[in-house]
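Read through the structure below, which is laid out as structure tokens, and then see the notes.
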Amino acid sequence: MKSADNKEIAVCPNIDLGTAQAAGDTLRKVHVTAPFDAADLQIVDYEVSLVGCNTDYKGALYVDNIVMDYDDGYVERTVWPTRQQKVSASKLTIPSSVRLTDAKAIDNAARLYAYMQGLADSDYVMYGHMNDLLMHAGKGDSDTYGMVGDYPAVIPIDAMTLAGKDTEYQNHEPAPGAYPPVTGQAAIDRAVALSEKAAKKGAIVSLSAHMPNFAEVAAKGKVDGSYDYSGFTSVVTSGKVVQRVLPGGDLNEVFNGYLDKIAAYGLQLQAKGIPVLFRPYHENNGSWFWWGAAHCSASEFKNLFRYTEEYLRDVRGVHNFIYVYSPNGPFADESDYLTRYPGDAFIDIPGFDMYQEKPQKKDGWMDSFSANMDVVQAFAQHHQKLTTIPEAGILCGKDTLGRTGAQRKDWFTEALNVLSAHKMAYFSTWSNFNADVFDQPYMVDKKRGHEMVDGFTRFYNDPRSVFAGQMLDYTKLNVTHQPVQTSYAYLLAPDSNARVCGPVQVRAKAAGTYQQVGFAFRNAAGKLIAEAAGKQAADGSYTTTLSQGTLDSLGKTVGTIEVLLDGRPVDSLKVFYNMPQAATPVDQVDTFESYYGDNELLKGAYSTNCGPGCSIQPVLTAKAGEYQLGQDGLDFHYKLAKGGWAGIHQEHERDDWSAYDGVRFWVKPGRTEAEADYPDQYGWGRL
């Protein structure tokens with residue numbers, strides 16, 4: 001072959017005679033493919049030459065059907081969907097009464113929760129797909145419907161749609177102008193219409209919330225008297241946003257403006273009797289969003305979630321939201337899951353997100369998936385909650401399933417096998433933004449689609465999977481509800497891990513039915529040093545002053561502050577009593593001396609993340625030989641699965657290291673064979 005720029009393209013495939021088929025008259029026929037780079041498609045001359053090698057054949061030879069072909073990665077489907085029966089009511093044990101965080105929840109919210117509980121306790125598993133009615137990689141109004149003739153049982157959208165204009169959704173729409181830019185109330189109305197459409201299909205409505213970085217929104221200022229929330233992203237993590245959006249912070253006004261949009265969306269659906277699974281601040285134990293563990297303390301995150309719910313529920317009157325909590329898996333144990341949990345009074349559905357990156361034909365990810373379900377399911381049962389998996393799926397590339405190369409084409413059925421053995425009401429995959437960025441298989445025409453279409457269809461045909469057309473009408477159920485707790489309280493100040501070295505005001509928020517709010521102060525051994533009654537302030541919070549006398553009695557210790565309702569502790573946090581922060585040079589990253597041997601404080605300073613089947617736990621060590629200077633070092637305690645990874649992260653947003661060109665640290669491998677193989681790694685190293 002010769003290209004337009006006179007380049008010779010030599011393609012010399014070997015003919016595999018082992019694939020030849022009989023063609024009569026002793027002849028055999030074989031198909032030959034001569035692949036070449038798509039960059040060479042500008043061909044002006046094509047020559048076919050047949051070269052005999054190690055053969056004495058002298059007979060007839062025929063050539064036919066020379067065509068140019070293009071492999072777009074799509075395949076002919078061979079498995080077709082079969083009409084599925086509705087969920088069998090006889091297989092469900094639906095509770096007649098449920099407990100919700102909102103005492104004024106609409107009846108349909110209680111009915112939905114009871115229905116989901118019945119499904120969770122069976123071997124049924126609902127399937128969800130983000131933005132199924134909004135964004136598509138294939139044709140039609142739903143990629144799911146295009147494959148199996150039915151819609152997902154759960155159809156979430158994201159609060160980004162409420163911002164309108166040039167949101168991420170507009171940037172990924174199927175074709176330019178498919179969704180005309182809208183702002184203000186029109187954007188909210190569009191989101192409501194999408195959710196109402198999903199409900200009419202029989203699906204459960206869900207709202208995630210990739211909230212913008214409000215520091216950036218505020219810096220832009222108001223446009224025509226209102227803040228413009230479009231064009232900003234949650235993955236910009238600078239600005240200490242969590243601390244600043246809470247009451248008293250300079251971003252509280254702009255934050256409330258965004259919550260008002262969410263409230264406007266919720267109230268419209270509430271008027272139609274449609275409940276919503278609301279999932280804000282997901283994957284909060286990671287550090288890729290501004291509400292992540294590296295960017296706020298545990299108590300700050302908890303108060304962010306609590307404030308959001310109280311604002312929507314108590315200030316704006318939104319009573320059709322069911323609140324979902326979903327940190328990122330995996331988790332070491334229940335205590336690991338509990339680290340940033342806002343409390344039973346604020347969470348209806350504890351769940352988790354978990355993705356499989358680049359699955360292999362045989363790997364242990366499904367075992368890890370199952371193990372994390374065990375952890376979260378046990379947690380949910382101990383707290384008498386329903387549980388689920390709001391995000392799961394495969395990542396073959398960056399944030400996408402990948403057009404070709406799937407190693408586990410029946411991944412969905414594999415996941416179903418694990419899910420149905422646990423009490424998970426549903427799992428959901430992320431959005432199909434377009435044909436290049438997608439998380440669910442799809443069809444490109446009636447017969448051809450993504451290489452996992454057959455596998456997904458087998459998943460749909462399995463009677464355990466539940467799609468919208470199989471859903472029962474939960475609005476007909478007879479279900480009553482009551483609040484999870486008749487009263488609750490939580491600490492507002494000081495912050496967890498704060499250094500209390502002088503008299504300080506202690507503040508707490510309380511709600512519900514109670515007689516008295518108090519505070520307790522304990523030392524590192526848990527011994528009660530002092531109690532104080534709370535005095536109600538003008539803003540409704542309860543306060544007391546931690547006096548110098550109490551501080552003197554506490555001494556130098558890592559202790560706790562508790563808030564008491566009628567003498568019962570309901571929330572607590574750790575602080576440093578009489579331990580001032582030593583001044584450190586800017587080039588000192590961490591000596592591990594400032595945690596005073598307390599691993600919980602160390603964990604509060606670092607966020608962790610790891611791959612499936614792996615674990616990571618930063619632990620302080622004072623054992624001789626395991627640190628270089630001072631009294632403590634870091635025991636980087638980890639477990640890695642094959643091809644896995646694990647790491648810890650600490651934020652140093654305000655440190656200016658522009659004058660430096662390296663990081664110096666002391667490291668000692670813990671394994672004897674490592675000591676023998678890498679003797680030079682002792683002492684100071686340079687990265």
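Ordered as shown in the structure tokens, chains take letters A, B, and onward, while each chain numbers its residues from 1 and ligands are numbered from 1 in the order shown.
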Next on the checklist: For the strand (DSSP E or B) assignment from backbone DSSP, which residues of range 507-675 of chain A qualify? Please present them as number ranges by chain.
Outcome noted: A: 507-512, 517-522, 528-533, 535-536, 542-546, 557-565, 568-577, 607-610, 615-621, 633-639, 646-649, 664-666
Item to check | helix (DSSP H, G or I) call set, DSSP backbone run, range 402-644 of chain A, as a ChimeraX atom specification | outcome: /A:411-420,453-461,468-470,474-476,548-554,599-605
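Distances from A:Ala163, A:Ile262, A:Ala89, A:Leu251 to Asp228 in chain A were compared using only C-alpha atoms, and the smallest one belongs to A:Ala163.
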Next on the checklist: Give me, as a list of chain:residue names, all polymer residues having an atom no more than 10 Å from range 473-475 of chain A, counting only C-alpha atoms and skipping those fewer than 5 positions away in the same chain.
Outcome noted: A:Asp107, A:Asn108, A:Ala109, A:Ala110, A:Arg111, A:Leu112, A:Tyr113, A:Ala114, A:Tyr115, A:Met116, A:Gly202, A:Gly273, A:Ile274
Requested write-out: all heavy atoms of the selected residues, as an mmCIF file, in the first residue's frame:
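That gives us out_26.cif:
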```cif
data_model
loop_
_atom_site.group_PDB
_atom_site.id
_atom_site.type_symbol
_atom_site.label_atom_id
_atom_site.label_comp_id
_atom_site.auth_asym_id
_atom_site.auth_seq_id
_atom_site.Cartn_x
_atom_site.Cartn_y
_atom_site.Cartn_z
ATOM 1 N N ASP A 107 -45.516 10.718 54.136
ATOM 2 C CA ASP A 107 -45.872 9.302 54.249
ATOM 3 C C ASP A 107 -45.178 8.455 53.183
ATOM 4 O O ASP A 107 -44.754 7.324 53.450
ATOM 5 C CB ASP A 107 -47.390 9.132 54.137
ATOM 6 C CG ASP A 107 -48.127 9.670 55.363
ATOM 7 O OD1 ASP A 107 -47.473 9.836 56.418
ATOM 8 O OD2 ASP A 107 -49.332 9.943 55.252
ATOM 9 N N ASN A 108 -45.056 8.998 51.974
ATOM 10 C CA ASN A 108 -44.431 8.211 50.905
ATOM 11 C C ASN A 108 -42.948 7.964 51.161
ATOM 12 O O ASN A 108 -42.388 6.984 50.664
ATOM 13 C CB ASN A 108 -44.624 8.891 49.549
ATOM 14 C CG ASN A 108 -45.971 8.555 48.931
ATOM 15 O OD1 ASN A 108 -46.669 7.651 49.395
ATOM 16 N ND2 ASN A 108 -46.337 9.277 47.889
ATOM 17 N N ALA A 109 -42.305 8.840 51.928
ATOM 18 C CA ALA A 109 -40.912 8.595 52.304
ATOM 19 C C ALA A 109 -40.834 7.374 53.223
ATOM 20 O O ALA A 109 -39.951 6.520 53.060
ATOM 21 C CB ALA A 109 -40.323 9.823 52.983
ATOM 22 N N ALA A 110 -41.740 7.284 54.166
ATOM 23 C CA ALA A 110 -41.782 6.128 55.061
ATOM 24 C C ALA A 110 -42.125 4.858 54.293
ATOM 25 O O ALA A 110 -41.545 3.791 54.530
ATOM 26 C CB ALA A 110 -42.796 6.367 56.171
ATOM 27 N N ARG A 111 -43.061 4.958 53.365
ATOM 28 C CA ARG A 111 -43.447 3.786 52.572
ATOM 29 C C ARG A 111 -42.283 3.307 51.705
ATOM 30 O O ARG A 111 -42.044 2.100 51.581
ATOM 31 C CB ARG A 111 -44.650 4.134 51.699
ATOM 32 C CG ARG A 111 -45.935 4.373 52.485
ATOM 33 C CD ARG A 111 -46.998 5.049 51.636
ATOM 34 N NE ARG A 111 -48.236 5.279 52.377
ATOM 35 C CZ ARG A 111 -49.046 6.310 52.186
ATOM 36 N NH1 ARG A 111 -48.739 7.225 51.259
ATOM 37 N NH2 ARG A 111 -50.137 6.448 52.911
ATOM 38 N N LEU A 112 -41.571 4.253 51.103
ATOM 39 C CA LEU A 112 -40.414 3.875 50.286
ATOM 40 C C LEU A 112 -39.352 3.202 51.139
ATOM 41 O O LEU A 112 -38.778 2.182 50.736
ATOM 42 C CB LEU A 112 -39.829 5.109 49.598
ATOM 43 C CG LEU A 112 -38.512 4.896 48.850
ATOM 44 C CD1 LEU A 112 -38.661 3.843 47.764
ATOM 45 C CD2 LEU A 112 -38.005 6.210 48.258
ATOM 46 N N TYR A 113 -39.087 3.751 52.306
ATOM 47 C CA TYR A 113 -38.064 3.173 53.181
ATOM 48 C C TYR A 113 -38.438 1.743 53.576
ATOM 49 O O TYR A 113 -37.594 0.838 53.564
ATOM 50 C CB TYR A 113 -37.891 4.037 54.430
ATOM 51 C CG TYR A 113 -36.635 3.753 55.213
ATOM 52 C CD1 TYR A 113 -35.447 4.410 54.912
ATOM 53 C CD2 TYR A 113 -36.629 2.836 56.254
ATOM 54 C CE1 TYR A 113 -34.287 4.163 55.623
ATOM 55 C CE2 TYR A 113 -35.478 2.572 56.977
ATOM 56 C CZ TYR A 113 -34.307 3.242 56.656
ATOM 57 O OH TYR A 113 -33.161 2.981 57.361
ATOM 58 N N ALA A 114 -39.699 1.537 53.904
ATOM 59 C CA ALA A 114 -40.157 0.195 54.281
ATOM 60 C C ALA A 114 -40.028 -0.767 53.103
ATOM 61 O O ALA A 114 -39.616 -1.924 53.263
ATOM 62 C CB ALA A 114 -41.605 0.257 54.769
ATOM 63 N N TYR A 115 -40.386 -0.295 51.910
ATOM 64 C CA TYR A 115 -40.276 -1.131 50.709
ATOM 65 C C TYR A 115 -38.822 -1.500 50.444
ATOM 66 O O TYR A 115 -38.502 -2.659 50.141
ATOM 67 C CB TYR A 115 -40.865 -0.373 49.522
ATOM 68 C CG TYR A 115 -40.715 -1.067 48.188
ATOM 69 C CD1 TYR A 115 -41.286 -2.323 47.960
ATOM 70 C CD2 TYR A 115 -40.019 -0.466 47.149
ATOM 71 C CE1 TYR A 115 -41.151 -2.960 46.731
ATOM 72 C CE2 TYR A 115 -39.881 -1.086 45.915
ATOM 73 C CZ TYR A 115 -40.450 -2.336 45.715
ATOM 74 O OH TYR A 115 -40.309 -2.964 44.495
ATOM 75 N N MET A 116 -37.923 -0.532 50.562
ATOM 76 C CA MET A 116 -36.501 -0.804 50.367
ATOM 77 C C MET A 116 -35.981 -1.797 51.410
ATOM 78 O O MET A 116 -35.142 -2.646 51.107
ATOM 79 C CB MET A 116 -35.706 0.502 50.421
ATOM 80 C CG MET A 116 -35.967 1.430 49.245
ATOM 81 S SD MET A 116 -35.084 3.015 49.369
ATOM 82 C CE MET A 116 -33.381 2.451 49.222
ATOM 83 N N GLY A 202 -41.612 4.342 37.423
ATOM 84 C CA GLY A 202 -41.579 3.355 38.501
ATOM 85 C C GLY A 202 -40.285 3.367 39.271
ATOM 86 O O GLY A 202 -40.085 2.550 40.173
ATOM 87 N N GLY A 273 -45.701 14.415 46.161
ATOM 88 C CA GLY A 273 -45.639 13.180 46.933
ATOM 89 C C GLY A 273 -44.482 12.276 46.568
ATOM 90 O O GLY A 273 -44.532 11.071 46.827
ATOM 91 N N ILE A 274 -43.416 12.835 45.974
ATOM 92 C CA ILE A 274 -42.282 12.026 45.515
ATOM 93 C C ILE A 274 -41.126 12.148 46.505
ATOM 94 O O ILE A 274 -40.571 13.236 46.689
ATOM 95 C CB ILE A 274 -41.811 12.483 44.123
ATOM 96 C CG1 ILE A 274 -42.943 12.309 43.105
ATOM 97 C CG2 ILE A 274 -40.572 11.697 43.684
ATOM 98 C CD1 ILE A 274 -42.619 12.869 41.726
#
```
List every residue of range 201-252 of chain A that has an atom at most 12 Å from any atom of range 377-395 of chain A, giving for each one its closest atom pair and the distance in Å to one decimal, counting only C-alpha atoms, sorted by chain and then by ascending residue number, as a Markdown table.
```
| residue | atom | partner | partner_atom | distance |
| --- | --- | --- | --- | --- |
| A:Ser206 | CA | A:Pro390 | CA | 9.4 |
| A:Leu207 | CA | A:Pro390 | CA | 10.5 |
| A:Ser208 | CA | A:Pro390 | CA | 9.3 |
```
Item to check | Distance query Arg458 in chain A at most 8 Å, only C-alpha atoms, self and fewer than 2 positions along chain excluded, as a VMD selection string | outcome: chain A and resid 79 81 410 413 454 to 456 460 to 462
Go ahead and save the picked residues with N, CA, C and O atoms, as an mmCIF file, in the first residue's frame.
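Result file out_11.cif:
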```cif
data_model
loop_
_atom_site.group_PDB
_atom_site.id
_atom_site.type_symbol
_atom_site.label_atom_id
_atom_site.label_comp_id
_atom_site.auth_asym_id
_atom_site.auth_seq_id
_atom_site.Cartn_x
_atom_site.Cartn_y
_atom_site.Cartn_z
ATOM 1 N N VAL A 79 -27.297 -12.124 23.146
ATOM 2 C CA VAL A 79 -28.232 -12.382 24.247
ATOM 3 C C VAL A 79 -29.279 -11.282 24.234
ATOM 4 O O VAL A 79 -28.960 -10.096 24.171
ATOM 5 N N PRO A 81 -32.968 -9.583 25.902
ATOM 6 C CA PRO A 81 -33.717 -9.520 27.162
ATOM 7 C C PRO A 81 -35.042 -10.258 27.068
ATOM 8 O O PRO A 81 -35.687 -10.290 26.011
ATOM 9 N N ASP A 410 -19.069 -10.462 32.434
ATOM 10 C CA ASP A 410 -20.235 -10.751 33.270
ATOM 11 C C ASP A 410 -20.082 -10.128 34.653
ATOM 12 O O ASP A 410 -20.591 -10.644 35.643
ATOM 13 N N THR A 413 -23.327 -9.580 36.741
ATOM 14 C CA THR A 413 -23.876 -10.772 37.396
ATOM 15 C C THR A 413 -22.992 -11.203 38.552
ATOM 16 O O THR A 413 -23.492 -11.663 39.593
ATOM 17 N N ASP A 454 -24.044 -8.203 26.241
ATOM 18 C CA ASP A 454 -24.583 -9.539 26.531
ATOM 19 C C ASP A 454 -24.523 -9.834 28.021
ATOM 20 O O ASP A 454 -25.469 -10.387 28.603
ATOM 21 N N GLY A 455 -23.405 -9.487 28.641
ATOM 22 C CA GLY A 455 -23.276 -9.717 30.076
ATOM 23 C C GLY A 455 -24.289 -8.925 30.868
ATOM 24 O O GLY A 455 -24.876 -9.435 31.830
ATOM 25 N N PHE A 456 -24.515 -7.659 30.489
ATOM 26 C CA PHE A 456 -25.511 -6.845 31.185
ATOM 27 C C PHE A 456 -26.906 -7.419 30.974
ATOM 28 O O PHE A 456 -27.734 -7.409 31.892
ATOM 29 N N TYR A 460 -29.725 -8.513 33.630
ATOM 30 C CA TYR A 460 -31.127 -8.098 33.631
ATOM 31 C C TYR A 460 -32.060 -9.303 33.664
ATOM 32 O O TYR A 460 -33.085 -9.292 34.372
ATOM 33 N N ASN A 461 -31.736 -10.349 32.933
ATOM 34 C CA ASN A 461 -32.597 -11.528 32.863
ATOM 35 C C ASN A 461 -32.597 -12.345 34.148
ATOM 36 O O ASN A 461 -33.459 -13.207 34.333
ATOM 37 N N ASP A 462 -31.651 -12.101 35.028
ATOM 38 C CA ASP A 462 -31.609 -12.801 36.313
ATOM 39 C C ASP A 462 -32.776 -12.312 37.164
ATOM 40 O O ASP A 462 -32.946 -11.108 37.361
#
```
Asp150 in chain A: which residues within 10 Å, counting only C-alpha atoms, same-chain residues fewer than 5 positions away excluded, as a short mmCIF file (atom, residue, chain, number, x, y, z; two decimals) with all heavy atoms, in the first residue's frame?
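Output below, filename selection.cif:
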```
data_model
loop_
_atom_site.label_atom_id
_atom_site.label_comp_id
_atom_site.auth_asym_id
_atom_site.auth_seq_id
_atom_site.Cartn_x
_atom_site.Cartn_y
_atom_site.Cartn_z
N PRO A 81 -32.97 -9.58 25.90
CA PRO A 81 -33.72 -9.52 27.16
C PRO A 81 -35.04 -10.26 27.07
O PRO A 81 -35.69 -10.29 26.01
CB PRO A 81 -33.95 -8.02 27.36
CG PRO A 81 -33.90 -7.43 25.98
CD PRO A 81 -32.89 -8.27 25.22
N ARG A 83 -38.82 -10.58 29.05
CA ARG A 83 -39.69 -9.79 29.93
C ARG A 83 -39.66 -10.37 31.35
O ARG A 83 -39.88 -11.56 31.55
CB ARG A 83 -41.11 -9.77 29.40
CG ARG A 83 -42.04 -8.86 30.19
CD ARG A 83 -43.42 -8.81 29.55
NE ARG A 83 -44.33 -7.96 30.28
CZ ARG A 83 -44.38 -6.63 30.15
NH1 ARG A 83 -43.58 -6.03 29.28
NH2 ARG A 83 -45.24 -5.92 30.84
N GLN A 84 -39.37 -9.52 32.32
CA GLN A 84 -39.24 -9.96 33.70
C GLN A 84 -40.53 -9.72 34.50
O GLN A 84 -41.25 -8.74 34.25
CB GLN A 84 -38.08 -9.23 34.37
CG GLN A 84 -36.72 -9.53 33.75
CD GLN A 84 -36.36 -10.99 33.89
OE1 GLN A 84 -36.22 -11.52 34.99
NE2 GLN A 84 -36.19 -11.66 32.76
N SER A 142 -32.76 6.63 27.02
CA SER A 142 -32.16 5.87 28.11
C SER A 142 -31.27 4.78 27.55
O SER A 142 -31.73 3.94 26.77
CB SER A 142 -33.25 5.25 28.99
OG SER A 142 -32.74 4.19 29.77
N ASP A 143 -30.00 4.77 27.95
CA ASP A 143 -29.10 3.70 27.51
C ASP A 143 -29.51 2.36 28.10
O ASP A 143 -29.31 1.31 27.49
CB ASP A 143 -27.66 4.01 27.93
CG ASP A 143 -27.02 5.06 27.02
OD1 ASP A 143 -27.53 5.27 25.90
OD2 ASP A 143 -26.02 5.67 27.44
N THR A 144 -30.09 2.39 29.30
CA THR A 144 -30.55 1.15 29.92
C THR A 144 -31.73 0.57 29.13
O THR A 144 -31.76 -0.62 28.81
CB THR A 144 -30.97 1.39 31.38
OG1 THR A 144 -29.91 2.06 32.06
CG2 THR A 144 -31.26 0.07 32.08
N TYR A 145 -32.69 1.43 28.82
CA TYR A 145 -33.85 0.97 28.04
C TYR A 145 -33.41 0.47 26.68
O TYR A 145 -33.95 -0.52 26.16
CB TYR A 145 -34.86 2.10 27.88
CG TYR A 145 -36.18 1.64 27.31
CD1 TYR A 145 -37.20 1.19 28.16
CD2 TYR A 145 -36.41 1.61 25.94
CE1 TYR A 145 -38.41 0.75 27.65
CE2 TYR A 145 -37.61 1.18 25.42
CZ TYR A 145 -38.61 0.74 26.28
OH TYR A 145 -39.80 0.28 25.77
N LYS A 201 -41.87 6.36 35.68
CA LYS A 201 -41.40 5.10 35.11
C LYS A 201 -41.41 3.98 36.15
O LYS A 201 -41.22 2.81 35.81
CB LYS A 201 -39.97 5.26 34.59
CG LYS A 201 -39.78 6.32 33.51
CD LYS A 201 -40.40 5.92 32.19
CE LYS A 201 -40.06 6.94 31.11
NZ LYS A 201 -40.75 6.63 29.83
N TYR A 460 -29.73 -8.51 33.63
CA TYR A 460 -31.13 -8.10 33.63
C TYR A 460 -32.06 -9.30 33.66
O TYR A 460 -33.08 -9.29 34.37
CB TYR A 460 -31.43 -7.26 32.39
CG TYR A 460 -32.90 -7.00 32.18
CD1 TYR A 460 -33.57 -6.05 32.93
CD2 TYR A 460 -33.63 -7.74 31.23
CE1 TYR A 460 -34.93 -5.83 32.75
CE2 TYR A 460 -34.98 -7.52 31.05
CZ TYR A 460 -35.64 -6.56 31.81
OH TYR A 460 -36.98 -6.36 31.65
N PHE A 467 -35.50 -3.90 38.03
CA PHE A 467 -35.52 -2.67 37.24
C PHE A 467 -36.88 -1.99 37.44
O PHE A 467 -37.76 -2.53 38.11
CB PHE A 467 -35.25 -2.97 35.78
CG PHE A 467 -33.80 -3.32 35.49
CD1 PHE A 467 -33.23 -4.49 35.97
CD2 PHE A 467 -33.01 -2.46 34.75
CE1 PHE A 467 -31.91 -4.81 35.72
CE2 PHE A 467 -31.68 -2.76 34.49
CZ PHE A 467 -31.12 -3.93 34.97
N ALA A 468 -37.06 -0.83 36.85
CA ALA A 468 -38.25 -0.02 37.13
C ALA A 468 -39.54 -0.76 36.83
O ALA A 468 -40.52 -0.66 37.58
CB ALA A 468 -38.18 1.29 36.33
N GLY A 469 -39.57 -1.51 35.73
CA GLY A 469 -40.79 -2.21 35.35
C GLY A 469 -41.17 -3.33 36.29
O GLY A 469 -42.31 -3.83 36.24
N GLN A 470 -40.27 -3.75 37.15
CA GLN A 470 -40.54 -4.83 38.10
C GLN A 470 -40.93 -4.32 39.48
O GLN A 470 -41.27 -5.10 40.36
CB GLN A 470 -39.29 -5.72 38.23
CG GLN A 470 -38.85 -6.37 36.93
CD GLN A 470 -37.42 -6.86 37.01
OE1 GLN A 470 -36.50 -6.26 36.46
NE2 GLN A 470 -37.23 -7.96 37.71
#
```
Next on the checklist: So that I can see what lies close to range 290-296 of chain A, please list as number ranges by chain the residues with an atom at most 6 Å from it, counting only C-alpha atoms and leaving out residues fewer than 6 positions away in the same chain.
Outcome noted: A: 237, 284, 607, 650-651
Limited to all heavy atoms, could you put the picked residues into a file as an mmCIF file, in the first residue's frame?
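Listing of again-v2.cif after writing:
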```
data_model
loop_
_atom_site.group_PDB
_atom_site.id
_atom_site.type_symbol
_atom_site.label_atom_id
_atom_site.label_comp_id
_atom_site.auth_asym_id
_atom_site.auth_seq_id
_atom_site.Cartn_x
_atom_site.Cartn_y
_atom_site.Cartn_z
ATOM 1 N N THR A 237 -10.079 21.971 45.902
ATOM 2 C CA THR A 237 -10.168 21.721 47.339
ATOM 3 C C THR A 237 -9.589 22.838 48.193
ATOM 4 O O THR A 237 -9.611 22.744 49.415
ATOM 5 C CB THR A 237 -9.444 20.404 47.675
ATOM 6 O OG1 THR A 237 -8.077 20.499 47.261
ATOM 7 C CG2 THR A 237 -10.106 19.225 46.979
ATOM 8 N N ASN A 284 -16.385 11.118 51.510
ATOM 9 C CA ASN A 284 -15.810 12.147 52.377
ATOM 10 C C ASN A 284 -14.536 11.702 53.085
ATOM 11 O O ASN A 284 -13.803 12.532 53.623
ATOM 12 C CB ASN A 284 -16.839 12.557 53.431
ATOM 13 C CG ASN A 284 -17.288 11.371 54.283
ATOM 14 O OD1 ASN A 284 -17.918 10.455 53.774
ATOM 15 N ND2 ASN A 284 -16.971 11.372 55.554
ATOM 16 N N SER A 607 -5.612 11.646 56.154
ATOM 17 C CA SER A 607 -6.660 10.860 55.513
ATOM 18 C C SER A 607 -6.003 9.674 54.807
ATOM 19 O O SER A 607 -4.841 9.743 54.421
ATOM 20 C CB SER A 607 -7.441 11.701 54.504
ATOM 21 O OG SER A 607 -6.598 12.174 53.474
ATOM 22 N N GLN A 650 -1.905 14.304 53.964
ATOM 23 C CA GLN A 650 -2.100 15.429 54.873
ATOM 24 C C GLN A 650 -2.063 16.727 54.078
ATOM 25 O O GLN A 650 -1.214 16.895 53.200
ATOM 26 C CB GLN A 650 -1.019 15.444 55.962
ATOM 27 C CG GLN A 650 -1.249 16.489 57.042
ATOM 28 C CD GLN A 650 -0.150 16.498 58.088
ATOM 29 O OE1 GLN A 650 1.003 16.745 57.769
ATOM 30 N NE2 GLN A 650 -0.517 16.205 59.336
ATOM 31 N N GLU A 651 -2.976 17.637 54.398
ATOM 32 C CA GLU A 651 -3.070 18.895 53.677
ATOM 33 C C GLU A 651 -2.106 19.927 54.258
ATOM 34 O O GLU A 651 -2.012 20.095 55.472
ATOM 35 C CB GLU A 651 -4.502 19.435 53.767
ATOM 36 C CG GLU A 651 -4.751 20.674 52.953
ATOM 37 C CD GLU A 651 -4.865 20.383 51.472
ATOM 38 O OE1 GLU A 651 -4.924 19.200 51.097
ATOM 39 O OE2 GLU A 651 -4.896 21.339 50.688
#
```
Checklist outcome for this item: CA of Arg507 in chain A to CA of Thr545 in chain A measures 8.8 Å
Item to check | Spatial neighbours of Met452 in chain A, max dist 9 Å, only C-alpha atoms, sep filter under 6 positions, as a VMD selection string | outcome: chain A and resid 75 406 408 to 411 440 to 442
Checklist entry - Between A:Met68, A:Val563, A:Ala524, A:Leu133, which has the minimum distance to Asp598 in chain A (counting only C-alpha atoms)? => result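 The closest residue to Asp598 in chain A is A:Ala524.
For the choices A:Asn252, A:Asn14, A:Gln21, A:Thr183, the atom-to-atom distance to Pro35 in chain A is smallest for A:Asn14 when using only C-alpha atoms.
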Checklist entry - Which is closest to Tyr62 in chain A among A:Lys86, A:Val30, A:Lys139, A:Asp16, if we use only C-alpha atoms? => result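 Checking each candidate against Tyr62 in chain A, we get A:Val30 as the closest.
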Checklist entry - From the set A:Val276, A:Ile529, A:Ala159, A:Ala203, which residue has the shortest atom-to-atom contact distance to Thr233 in chain A, counting only C-alpha atoms? => result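 Selected residue with least distance to Thr233 in chain A: A:Ala159.
If only C-alpha atoms are the atoms counted, then among A:Asp71, A:Asp367, A:Asp121, A:Asp250 the closest residue to Ala218 in chain A is A:Asp250.
Distance-wise, CA of Ser547 in chain A and CA of Lys574 in chain A end up 17.4 Å apart.
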